[in-house]
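Enquirer: Below are the structure tokens for one structure; questions will follow.
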There are 4 protein chains.
Amino acid sequence: MDQSPHHHTPSGKLRARGAGIPFTGTPGTWNAITDVAGVEVGYCTLIKGEGPLIVGEGPVRTGVTAIFAHGRSNPNAAAFAGHFSMSGNGEMTGMAFVEERGRFDGPITITNTHSCGLARDVTAQWLYAQLAVSSKQDQPFWLPVSAETYDGALSDINGHHIKAEHVLAAFDDARSGPIEEGSVGGGTGMRCYEFKGGSGTASRRVRYADRDWCVGAFVQSNFGKRHLLHIAGIPIGTEIPITAPLVPDAENGSIIVIVATDAPMLPHQLKRIARRAAYGIARSGGIASNESGDLFLAFSTANRAEVEQHGGLISVESLAEEAMSRFYEATIEAVDEAILNSLFANETMVGRDGRVVPHIPIARVQSILKRHGRLLETR
Amino acid sequence: MDQSPHHHTPSGKLRARGAGIPFTGTPGTWNAITDVAGVEVGYCTLIKGEGPLIVGEGPVRTGVTAIFAHGRSNPNAAAFAGHFSMSGNGEMTGMAFVEERGRFDGPITITNTHSCGLARDVTAQWLYAQLAVSSKQDQPFWLPVSAETYDGALSDINGHHIKAEHVLAAFDDARSGPIEEGSVGGGTGMRCYEFKGGSGTASRRVRYADRDWCVGAFVQSNFGKRHLLHIAGIPIGTEIPITAPLVPDAENGSIIVIVATDAPMLPHQLKRIARRAAYGIARSGGIASNESGDLFLAFSTANRAEVEQHGGLISVESLAEEAMSRFYEATIEAVDEAILNSLFANETMVGRDGRVVPHIPIARVQSILKRHGRLLETR
Amino acid sequence: MDQSPHHHTPSGKLRARGAGIPFTGTPGTWNAITDVAGVEVGYCTLIKGEGPLIVGEGPVRTGVTAIFAHGRSNPNAAAFAGHFSMSGNGEMTGMAFVEERGRFDGPITITNTHSCGLARDVTAQWLYAQLAVSSKQDQPFWLPVSAETYDGALSDINGHHIKAEHVLAAFDDARSGPIEEGSVGGGTGMRCYEFKGGSGTASRRVRYADRDWCVGAFVQSNFGKRHLLHIAGIPIGTEIPITAPLVPDAENGSIIVIVATDAPMLPHQLKRIARRAAYGIARSGGIASNESGDLFLAFSTANRAEVEQHGGLISVESLAEEAMSRFYEATIEAVDEAILNSLFANETMVGRDGRVVPHIPIARVQSILKRHGRLLETR
Amino acid sequence: MDQSPHHHTPSGKLRARGAGIPFTGTPGTWNAITDVAGVEVGYCTLIKGEGPLIVGEGPVRTGVTAIFAHGRSNPNAAAFAGHFSMSGNGEMTGMAFVEERGRFDGPITITNTHSCGLARDVTAQWLYAQLAVSSKQDQPFWLPVSAETYDGALSDINGHHIKAEHVLAAFDDARSGPIEEGSVGGGTGMRCYEFKGGSGTASRRVRYADRDWCVGAFVQSNFGKRHLLHIAGIPIGTEIPITAPLVPDAENGSIIVIVATDAPMLPHQLKRIARRAAYGIARSGGIASNESGDLFLAFSTANRAEVEQHGGLISVESLAEEAMSRFYEATIEAVDEAILNSLFANETMVGRDGRVVPHIPIARVQSILKRHGRLLETR
């Protein structure tokens, strides 16, 4: 087995690249958002119960994902950021602040639709606990970023099973290096193109101004009707049509995209990057459907000290605008691959009421792509 | 005592109009957002403890405000809406949805900065409980509107004292008719122009197309340095300068404005209304300072059945654009008066560490205005 | 030769569909934006001179495109509209008005970057001339929509060759039915994926609420580096690499997209449609590069009388939101096909300084697609 | 007579401050946008003809204003910028570019509604002429900023009297130092609160980080019904009611605000500044009425070399966010004073059809303010 983290997740799941899907661009070491130095990702996954849905009891297929821009050891660190709501049928808290101040502070969380408020408040509570604030001081406050997608097709979403401890567990799990994908963390109960979706990641190296930079993408994929799916440009979704739809209307989908880069970008440049996530989603056939919450956030790990400076003048580094196109291309490639990773590095899940969301049939996809001359040889 | 609800709150606090502050326009019956038929407001107020701040214990000066567009008896009702973030150092969840779909569903909550995530999730939980959803059905979800301002100057904001029960209590308290103002509900621990601020409301009648319409405003006021305050155009803030500032920097302020109308407006028209809230804030001297979260939401109670209709075509009523200016004027007047009501219909509060936020000295304000020929005779 | 307007333009140029490119969805009668009843398109094309660029003399490869929502015979007609700036390195006048009022009035013009100001003012002048305004009356004014892309690679853009007469000629040329594509009107001097680009159109039928609706797209394509081009998902751009680049940096590209529909949509719904144009561009490989002005406008021909009504209340029809996804899919398909039509229904152009922008080599594209099992048999 | 440029314009017109209107804050040397080093303003004023309107002949009461961020001698200079459309019933070209790139290049022009397209194109033409571009080179292009307000109440707006030569004359007139106000340049034919309006300017000094900075505002005022006007907080508009309205509906108003600063601000900070112009307009009673185009642009003259740098990395200076509030206050004060200057430093104008727009009656205003204890003694 190829030991490259480009081909398998830490637990051994086959990633899209490992399955021979062709991509352009050059990934970073782990082909993950964690290739951006400082970025750490943690998961807490809740899977319990089987059989019929009893609201408040289960079955539970949910979780929490935490992303730190500057590592768990710098909990309150800030980053320049920009966002875009391609389709606002979702929630990403903190977006008014990102627009106003061009930044966010502390970890990002992603969970299910009915728990992102909790994740937001717990983040503030945890940040407070990390600081040695005297109670005599003026009390600090935060406006954390917490996003969501809907997992009610498989999980007891109205049972509100996520508790503070699960958010904290995701923080504690944060790490750099290769990270798990598929049905983990906030991505646990997700569907994508009516296959099992969830957490996915990828990265690209970008050469500019005689230096190597990195762009990393992380997605929580939960969108798309089957017939729309294209892989490597081939209409896989019509070749593998859905036979027994999980639910009458599979439209309640969404996708959260987090893009990280170590390249120095100003807030208005990061908004430009965030908008390009849409093109990454379009590559596999996404249309940002009516019920879809397609919310994107891009941040830069550069200029940290300056973003956090109080008072005075700051001197921040930035890419000249001419650099942007190659970063767009990298972003789009990474988002597309992250989505496919969320499909490939996954497995079939049985959820509430015995509902089955199938793993994408990799061999069949390979066979179709091969027929179309679009499958790469892999070791 | 004048028994008009224009002059006193239900508990007898003197409102700005009762104190002789001159305003233009004609208020509705109660001079409150509840003059818009269907709108109900409920509060849950938490005041406990005195003395030094011990995080997690208190003192507590906080609460929750709930606003229903179509009354508590129609919990899941929807309304066309538009929003505007004048200054995004705050949170109002659900705004991506409002922009995308031009509507919101269910009650609006307003509370402190670290509890609006909880209020959001609890709203979804409560909405679920109100519906007779079979657990076999596809599970519904919500993206509730929950806003916040910071009460950490007076209250143990990092103690997270708001619990689900307090949100539910605010829902249960919802009512039409005259409503309380000042240090109640989410407005409990607020400062405004370095006087005691909090909850305030006002309304205006608008004559258009041979019918009477109503615009109502509700604010949670928590903004402004003293020297900026103007009342009836007179620089009260420099005439009543601050002598002993509560905290070194009083900038952590914000204002949430909710505007309701029974006039039929489309989402893009309601965005126009929401933006005008800024002009109402400017009348008393607001500048939307660096740390201020000035977030506005406007909604219409008209077209309810159409907004909620699934499938098919809908036929919605709307004002011709020519009507807008008079609704702008009404909105601006109501927002201005609601802010002043939050100052006048209030009282001095002692919070954490013995910090005192004083009630605006009404007699002194009256004396200054009288000197400038700007005080009205009141009965 | 297949006489279907799906396969050839009025002048006989082969369209993408005629070349065997596979598309999903069902086009309207002419597979053009003019399939939306009322929509008319007119061109004025300026091609003169050869050889070296002499600014002010030529060579000239430019023009003007005019689009009427309700036909040239209703010059001042209004339409509900929404817009989106995916990448703002361009100009589309009237966008502040579209955002504010949810509509535009009069014809849309599209021309080169340095002439859209003229086109805008001339539109107002022409509209005035169409009306029988007494000079005693209050003088009407307009805020016309005029967009641009850059044709300076082939044409003497700094010679400002477009005059009022050319704008008027485009108005006079307006027609329904099949319309020409390629190097005509504002699209005359355009490049797309470093092939000859320009004007393109397509349409889709949408079945909803027991009725047939139509979505039509019109593009002025001027974007994209060669290596990005994908057709039917196959990386044509890397298989037909560019050998002699026209200019060192081919990034000065842009795309204007106009989407029309006869389905009744409110302004906030049309903004949603406009955003989806991005997904149509992504299908062939667009990335909205740094120098690209990707500006989209969507309008509905429904509710005309209501949009134009002065005073009172209006009653407007609208799709329930559940309808949107199928209109998104139609929009994306039509935008993608319109772009490919602008490439296929075109021809090689020689411009300033003998610069050659080649027609896409259709036979070679067909051969590549055939090899990948992605070419349709055509009659 | 007081020779201070704070009290009179270069031609001797009395400014608001000279008339004893009280303001807060400290103006710069000339109390003008030109106090920001580098900023130059030029006017071309067209006044010809009297009597009945004959479209195409006159009477003409219009003009062009040009504003250079870095002086006429640096025609193509760029500046970081941010914009806001408070009420989009107007036009300011270049705004998609400002949002995308956080900057603009070349001079800003302001003229009447039907001529800002011409002004835009002529700006590109003039910029080209200033550069020694070889015709062999890739042709440069621009997306100039050109804004407008409506002067059709006094002038033959549909006669399109502004020609290229007038735009060039405004460029040639550009200067630093004290600048004229009132019925000059683009402001020639304007009304404000149903008095004569037009061009106005003011500035404020801001102390921050041990340095003196400057904020300057320039307005083209053309908005507001009489009853709304407040000066120094006193309802002047109801005390000097309109007796013979100029036209049945005076709503066709607008205001363009340009804010300049030498303080280093990033694009997202300049958007924040631009939004605050609304609060400056509100101080005198503005409501951004239905027909009003209230469009604001803020720019910084700092970081010029970096904004213009092609390729590589740039290092830009910026204020820490904590600085913003004092710049907001300065912006709001300067915008308010600039509007009042456009009223005071003006004179009665007779336009088309003998229509008279009166100069604000200064002595009467002074008398009212004195009665309310709100008039300053002036030398």
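Starting from 1 in every chain, residues are counted up; chains themselves are A, B, ... following the order of the structure tokens, and ligands are numbered from 1 as listed.
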For chain A against chain C, with a cut-off of 7 Å and counting only C-alpha atoms, what is the closest atom pair and its distance in Å to one decimal for every residue that makes the cut, ordered by chain and number, as CSV?
Expert:
```
residue,atom,partner,partner_atom,distance
A:Ala232,CA,C:Gly233,CA,6.7
A:Gly233,CA,C:Gly233,CA,3.4
A:Ile234,CA,C:Gly233,CA,6.0
A:Tyr279,CA,C:Ala282,CA,5.4
A:Ala282,CA,C:Tyr279,CA,5.4
A:Arg283,CA,C:Arg283,CA,6.4
A:Ile287,CA,C:Tyr279,CA,6.6
A:Ser289,CA,C:Ser325,CA,4.9
A:Asn290,CA,C:Ser325,CA,5.1
A:Glu322,CA,C:Asn290,CA,6.7
A:Met324,CA,C:Asn290,CA,5.6
A:Ser325,CA,C:Ser289,CA,4.9
A:Tyr328,CA,C:Ile287,CA,6.7
A:Glu329,CA,C:Ile287,CA,6.7
A:His372,CA,C:His372,CA,4.6
A:Gly373,CA,C:His372,CA,5.6
```
Enquirer: Can you pull out every residue within 6 Å of stretch 55-68 of chain B, counting only C-alpha atoms, but drop anything in the same chain fewer than 2 positions away, and send it as a ChimeraX atom specification?
Expert: /B:39-50,53,70-71,107-111,155-156,159,170-171,185-186,188-189,352
Enquirer: Since we have the selection now, will you write its residues out, keeping N, CA and C atoms, as an mmCIF file, in the first residue's frame?
Expert:
```cif
data_model
loop_
_atom_site.group_PDB
_atom_site.id
_atom_site.type_symbol
_atom_site.label_atom_id
_atom_site.label_comp_id
_atom_site.auth_asym_id
_atom_site.auth_seq_id
_atom_site.Cartn_x
_atom_site.Cartn_y
_atom_site.Cartn_z
ATOM 1 N N VAL B 39 -47.274 41.495 16.533
ATOM 2 C CA VAL B 39 -45.974 41.506 17.203
ATOM 3 C C VAL B 39 -46.158 41.382 18.713
ATOM 4 N N GLU B 40 -45.412 40.455 19.301
ATOM 5 C CA GLU B 40 -45.427 40.283 20.747
ATOM 6 C C GLU B 40 -43.992 40.283 21.259
ATOM 7 N N VAL B 41 -43.840 40.822 22.463
ATOM 8 C CA VAL B 41 -42.513 40.922 23.080
ATOM 9 C C VAL B 41 -42.568 40.280 24.465
ATOM 10 N N GLY B 42 -41.558 39.475 24.759
ATOM 11 C CA GLY B 42 -41.455 38.878 26.092
ATOM 12 C C GLY B 42 -40.057 39.064 26.656
ATOM 13 N N TYR B 43 -39.989 39.148 27.981
ATOM 14 C CA TYR B 43 -38.695 39.332 28.644
ATOM 15 C C TYR B 43 -38.465 38.259 29.691
ATOM 16 N N CYS B 44 -37.227 37.922 29.898
ATOM 17 C CA CYS B 44 -36.808 37.226 31.115
ATOM 18 C C CYS B 44 -35.614 38.009 31.650
ATOM 19 N N THR B 45 -35.722 38.474 32.862
ATOM 20 C CA THR B 45 -34.708 39.346 33.461
ATOM 21 C C THR B 45 -34.004 38.622 34.611
ATOM 22 N N LEU B 46 -32.683 38.593 34.582
ATOM 23 C CA LEU B 46 -31.912 37.947 35.663
ATOM 24 C C LEU B 46 -31.092 38.982 36.407
ATOM 25 N N ILE B 47 -31.482 39.252 37.615
ATOM 26 C CA ILE B 47 -30.711 40.155 38.473
ATOM 27 C C ILE B 47 -30.478 39.439 39.783
ATOM 28 N N LYS B 48 -29.219 39.107 40.053
ATOM 29 C CA LYS B 48 -28.944 38.485 41.351
ATOM 30 C C LYS B 48 -27.509 38.735 41.757
ATOM 31 N N GLY B 49 -27.312 38.858 43.048
ATOM 32 C CA GLY B 49 -25.976 39.025 43.590
ATOM 33 C C GLY B 49 -25.514 40.463 43.575
ATOM 34 N N GLU B 50 -24.548 40.746 44.439
ATOM 35 C CA GLU B 50 -23.929 42.063 44.548
ATOM 36 C C GLU B 50 -22.462 41.864 44.845
ATOM 37 N N LEU B 53 -17.023 40.731 41.420
ATOM 38 C CA LEU B 53 -17.242 39.720 40.392
ATOM 39 C C LEU B 53 -16.509 38.433 40.741
ATOM 40 N N HIS B 70 -45.593 37.138 14.635
ATOM 41 C CA HIS B 70 -47.006 36.781 14.511
ATOM 42 C C HIS B 70 -47.542 36.188 15.815
ATOM 43 N N GLY B 71 -46.965 36.570 16.905
ATOM 44 C CA GLY B 71 -47.480 36.135 18.203
ATOM 45 C C GLY B 71 -46.968 34.771 18.600
ATOM 46 N N PRO B 107 -39.383 32.968 16.514
ATOM 47 C CA PRO B 107 -39.103 34.169 17.298
ATOM 48 C C PRO B 107 -37.658 34.651 17.154
ATOM 49 N N ILE B 108 -37.502 35.954 17.342
ATOM 50 C CA ILE B 108 -36.191 36.597 17.440
ATOM 51 C C ILE B 108 -35.830 36.662 18.929
ATOM 52 N N THR B 109 -34.584 36.371 19.248
ATOM 53 C CA THR B 109 -34.130 36.576 20.633
ATOM 54 C C THR B 109 -32.979 37.570 20.657
ATOM 55 N N ILE B 110 -32.909 38.303 21.774
ATOM 56 C CA ILE B 110 -31.793 39.234 22.003
ATOM 57 C C ILE B 110 -31.318 39.016 23.435
ATOM 58 N N THR B 111 -30.022 38.834 23.594
ATOM 59 C CA THR B 111 -29.495 38.571 24.927
ATOM 60 C C THR B 111 -28.074 39.108 25.018
ATOM 61 N N SER B 155 -22.234 42.829 34.545
ATOM 62 C CA SER B 155 -22.675 41.471 34.837
ATOM 63 C C SER B 155 -21.545 40.469 34.607
ATOM 64 N N ASP B 156 -21.670 39.337 35.192
ATOM 65 C CA ASP B 156 -20.706 38.245 35.038
ATOM 66 C C ASP B 156 -20.929 37.553 33.691
ATOM 67 N N GLY B 159 -19.687 34.144 33.116
ATOM 68 C CA GLY B 159 -20.286 33.086 33.925
ATOM 69 C C GLY B 159 -21.391 32.336 33.199
ATOM 70 N N ALA B 170 -38.739 33.855 28.437
ATOM 71 C CA ALA B 170 -38.981 35.034 27.591
ATOM 72 C C ALA B 170 -40.061 34.730 26.561
ATOM 73 N N PHE B 171 -40.030 33.537 25.982
ATOM 74 C CA PHE B 171 -41.102 33.151 25.038
ATOM 75 C C PHE B 171 -42.453 33.188 25.748
ATOM 76 N N GLY B 185 -35.148 42.172 30.339
ATOM 77 C CA GLY B 185 -34.813 41.248 29.261
ATOM 78 C C GLY B 185 -33.351 41.356 28.882
ATOM 79 N N GLY B 186 -33.074 41.188 27.614
ATOM 80 C CA GLY B 186 -31.692 41.283 27.131
ATOM 81 C C GLY B 186 -31.058 42.621 27.447
ATOM 82 N N THR B 188 -31.054 44.218 30.219
ATOM 83 C CA THR B 188 -30.853 44.413 31.661
ATOM 84 C C THR B 188 -29.526 45.085 32.017
ATOM 85 N N GLY B 189 -28.437 44.601 31.449
ATOM 86 C CA GLY B 189 -27.131 45.104 31.896
ATOM 87 C C GLY B 189 -26.479 46.125 30.973
ATOM 88 N N ARG B 352 -21.638 44.501 39.047
ATOM 89 C CA ARG B 352 -20.429 43.837 39.556
ATOM 90 C C ARG B 352 -19.445 44.858 40.130
#
```
Enquirer: Considering only C-alpha atoms, return as a PyMOL selection string whatever protein or nucleic-acid residues lie within 6 Å of C:Ala81, sequence-local ones (same chain, fewer than 3 positions apart) excluded.
Expert: chain C and resi 102-103+267+270+298-299
Enquirer: How about saving the chosen residues, C-alpha atoms kept, as a PDB file, in the first residue's frame?
Expert:
```pdb
ATOM      1  CA  GLY C 102     -34.591  45.605  -7.365  1.00  0.00           C
ATOM      2  CA  ARG C 103     -35.118  46.669 -10.968  1.00  0.00           C
ATOM      3  CA  PRO C 267     -35.479  40.893  -6.718  1.00  0.00           C
ATOM      4  CA  LEU C 270     -32.983  37.206  -9.039  1.00  0.00           C
ATOM      5  CA  ALA C 298     -30.538  38.423 -13.892  1.00  0.00           C
ATOM      6  CA  PHE C 299     -33.973  39.797 -14.689  1.00  0.00           C
TER       7      PHE C 299
END
```
Enquirer: Write out as a PyMOL selection string the set of residues from stretch 18-187 of chain B that DSSP, computed on the backbone, places in alpha helix (DSSP H).
Expert: chain B and resi 95-101+116-130+164-172
Enquirer: Excluding C:Glu91 and its own-chain neighbours fewer than 6 positions away, which residues fall within 7 Å of it when counting only C-alpha atoms? Please give them as a list of chain:residue names.
Expert: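 The residues satisfying every condition are C:Ala147, C:Glu148, D:Gly94, D:Ala96, D:Leu143.
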Enquirer: With only C-alpha atoms as the atoms that count, which of B:Ala330, B:Ile362, B:Gly177, B:Asn222 lies nearest to B:Ser199?
Expert: B:Asn222
